[in-house]
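Structure record follows, encoded as structure tokens.
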Amino acid sequence: MVTITPYATESGPPRREAAARDEQAVSARAKRAMLLLGLIAAFAIAGSIDGAAAARADPDLVRLMRFMALLKGAFLLLAAVASFWRLARPAAAWRSLVYVAGPSLMAAGTVALWRMQDAGLAAGVLHAGLFALLAAALTDRDFVPALRRR
């Protein structure tokens with residue numbers, strides 16, 4: 001005997017909810033793809049700029065700057081993973097923009113530091129991405145649900 005559930009024949013709320021979930025999944029995939037493309041573009045652009053400054057600099061300074069770049073790379077990895085995770089759920093448009101652009105700015109700054117390009121500009125770009133990401137995450141009620149006020 002075949003049993004038909006009431007939802008199988010209705011086109012009411014269950015179908016609308018499923019359509020909304022599908023739309024959110026497509027949006028999340030698109031935002032995550034933009035994050036990955038932004039990271040790739042940042043690495044490519046910053047890596048393509050002349051890196052001959054490291055050859056002219058003091059070897060101790062180069063080691064120090066590259067160590068700093070490695071530390072910033074660790075922060076970049078954490079930021080990219082956190083952004084990728086957060087983009088799976090709906091967020092305000094400005095937050096989504098920051099979750100996509102923040103790690104890309106950090107990537108460009110990290111590569112520029114590694115290649116000893118303009119250190120001031122590289123650090124500024126890197127920290128702008130980091131601080132924007134921190135501001136968006138710390139004010140996002142859905143980023144850390146335990147911080148949600150009741």
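Ordering of the structure tokens sets the chain letters (A, B, ...), residue numbers begin anew at 1 in every chain, and ligands are numbered from 1 in the order given.
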
12 Å contact set for A:Ser48, only C-alpha atoms, chain neighbours under 6 positions out, as JSON, numbers by chain: {"A": [41, 42, 108, 111, 112, 115, 117]}

Write out as a PDB file with all heavy atoms, in the first residue's frame each polymer residue whose atoms come within 7 Å of stretch 125-130 of chain A, counting only C-alpha atoms; drop sequence neighbours fewer than 6 positions from it.
```pdb
ATOM      1  N   GLY A 102      39.060  40.286   2.533  1.00  0.00           N
ATOM      2  CA  GLY A 102      40.038  40.333   3.615  1.00  0.00           C
ATOM      3  C   GLY A 102      41.199  39.352   3.436  1.00  0.00           C
ATOM      4  O   GLY A 102      42.371  39.760   3.450  1.00  0.00           O
ATOM      5  N   PRO A 103      40.912  38.053   3.246  1.00  0.00           N
ATOM      6  CA  PRO A 103      42.014  37.119   3.033  1.00  0.00           C
ATOM      7  C   PRO A 103      42.811  37.402   1.761  1.00  0.00           C
ATOM      8  O   PRO A 103      44.021  37.167   1.723  1.00  0.00           O
ATOM      9  CB  PRO A 103      41.316  35.760   2.954  1.00  0.00           C
ATOM     10  CG  PRO A 103      40.064  35.941   3.722  1.00  0.00           C
ATOM     11  CD  PRO A 103      39.643  37.348   3.459  1.00  0.00           C
ATOM     12  N   LEU A 105      43.465  40.416   0.503  1.00  0.00           N
ATOM     13  CA  LEU A 105      44.389  41.496   0.849  1.00  0.00           C
ATOM     14  C   LEU A 105      45.543  40.961   1.697  1.00  0.00           C
ATOM     15  O   LEU A 105      46.702  41.338   1.493  1.00  0.00           O
ATOM     16  CB  LEU A 105      43.654  42.605   1.611  1.00  0.00           C
ATOM     17  CG  LEU A 105      42.681  43.452   0.808  1.00  0.00           C
ATOM     18  CD1 LEU A 105      41.886  44.377   1.720  1.00  0.00           C
ATOM     19  CD2 LEU A 105      43.412  44.244  -0.253  1.00  0.00           C
ATOM     20  N   MET A 106      45.216  40.085   2.618  1.00  0.00           N
ATOM     21  CA  MET A 106      46.261  39.497   3.454  1.00  0.00           C
ATOM     22  C   MET A 106      47.245  38.689   2.612  1.00  0.00           C
ATOM     23  O   MET A 106      48.457  38.721   2.850  1.00  0.00           O
ATOM     24  CB  MET A 106      45.642  38.608   4.537  1.00  0.00           C
ATOM     25  CG  MET A 106      44.880  39.381   5.596  1.00  0.00           C
ATOM     26  SD  MET A 106      44.069  38.298   6.787  1.00  0.00           S
ATOM     27  CE  MET A 106      45.486  37.590   7.611  1.00  0.00           C
ATOM     28  N   GLY A 109      49.572  41.101   0.712  1.00  0.00           N
ATOM     29  CA  GLY A 109      50.549  41.677   1.621  1.00  0.00           C
ATOM     30  C   GLY A 109      51.608  40.681   2.059  1.00  0.00           C
ATOM     31  O   GLY A 109      52.791  41.020   2.164  1.00  0.00           O
ATOM     32  N   THR A 110      51.210  39.458   2.294  1.00  0.00           N
ATOM     33  CA  THR A 110      52.158  38.424   2.714  1.00  0.00           C
ATOM     34  C   THR A 110      53.174  38.127   1.618  1.00  0.00           C
ATOM     35  O   THR A 110      54.377  38.040   1.878  1.00  0.00           O
ATOM     36  CB  THR A 110      51.398  37.132   3.108  1.00  0.00           C
ATOM     37  OG1 THR A 110      50.509  37.437   4.185  1.00  0.00           O
ATOM     38  CG2 THR A 110      52.346  36.050   3.544  1.00  0.00           C
TER      39      THR A 110
END
```

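Candidate residues A:Ala132, A:Leu78, A:Ala69, A:Ala57 were compared for distance to A:Trp94, and the nearest is A:Ala132, using only C-alpha atoms.
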
Pairwise distance for atom CA of A:Trp85 and atom CA of A:Leu113, rounded to one decimal in Å: 26.6 Å

Nearest to A:Ser83 among A:Ala146, A:Val98, A:Ala52, A:Ala135, with distances taken over only C-alpha atoms: which residue is it?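 When distances to A:Ser83 are compared using only C-alpha atoms, the smallest one comes from A:Val98.
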
Quick check, in Å to one decimal: how far apart do atom CA of A:Lys31 and atom CA of A:Ser104 lie?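 Between atom CA of A:Lys31 and atom CA of A:Ser104 the gap is 13.0 Å.
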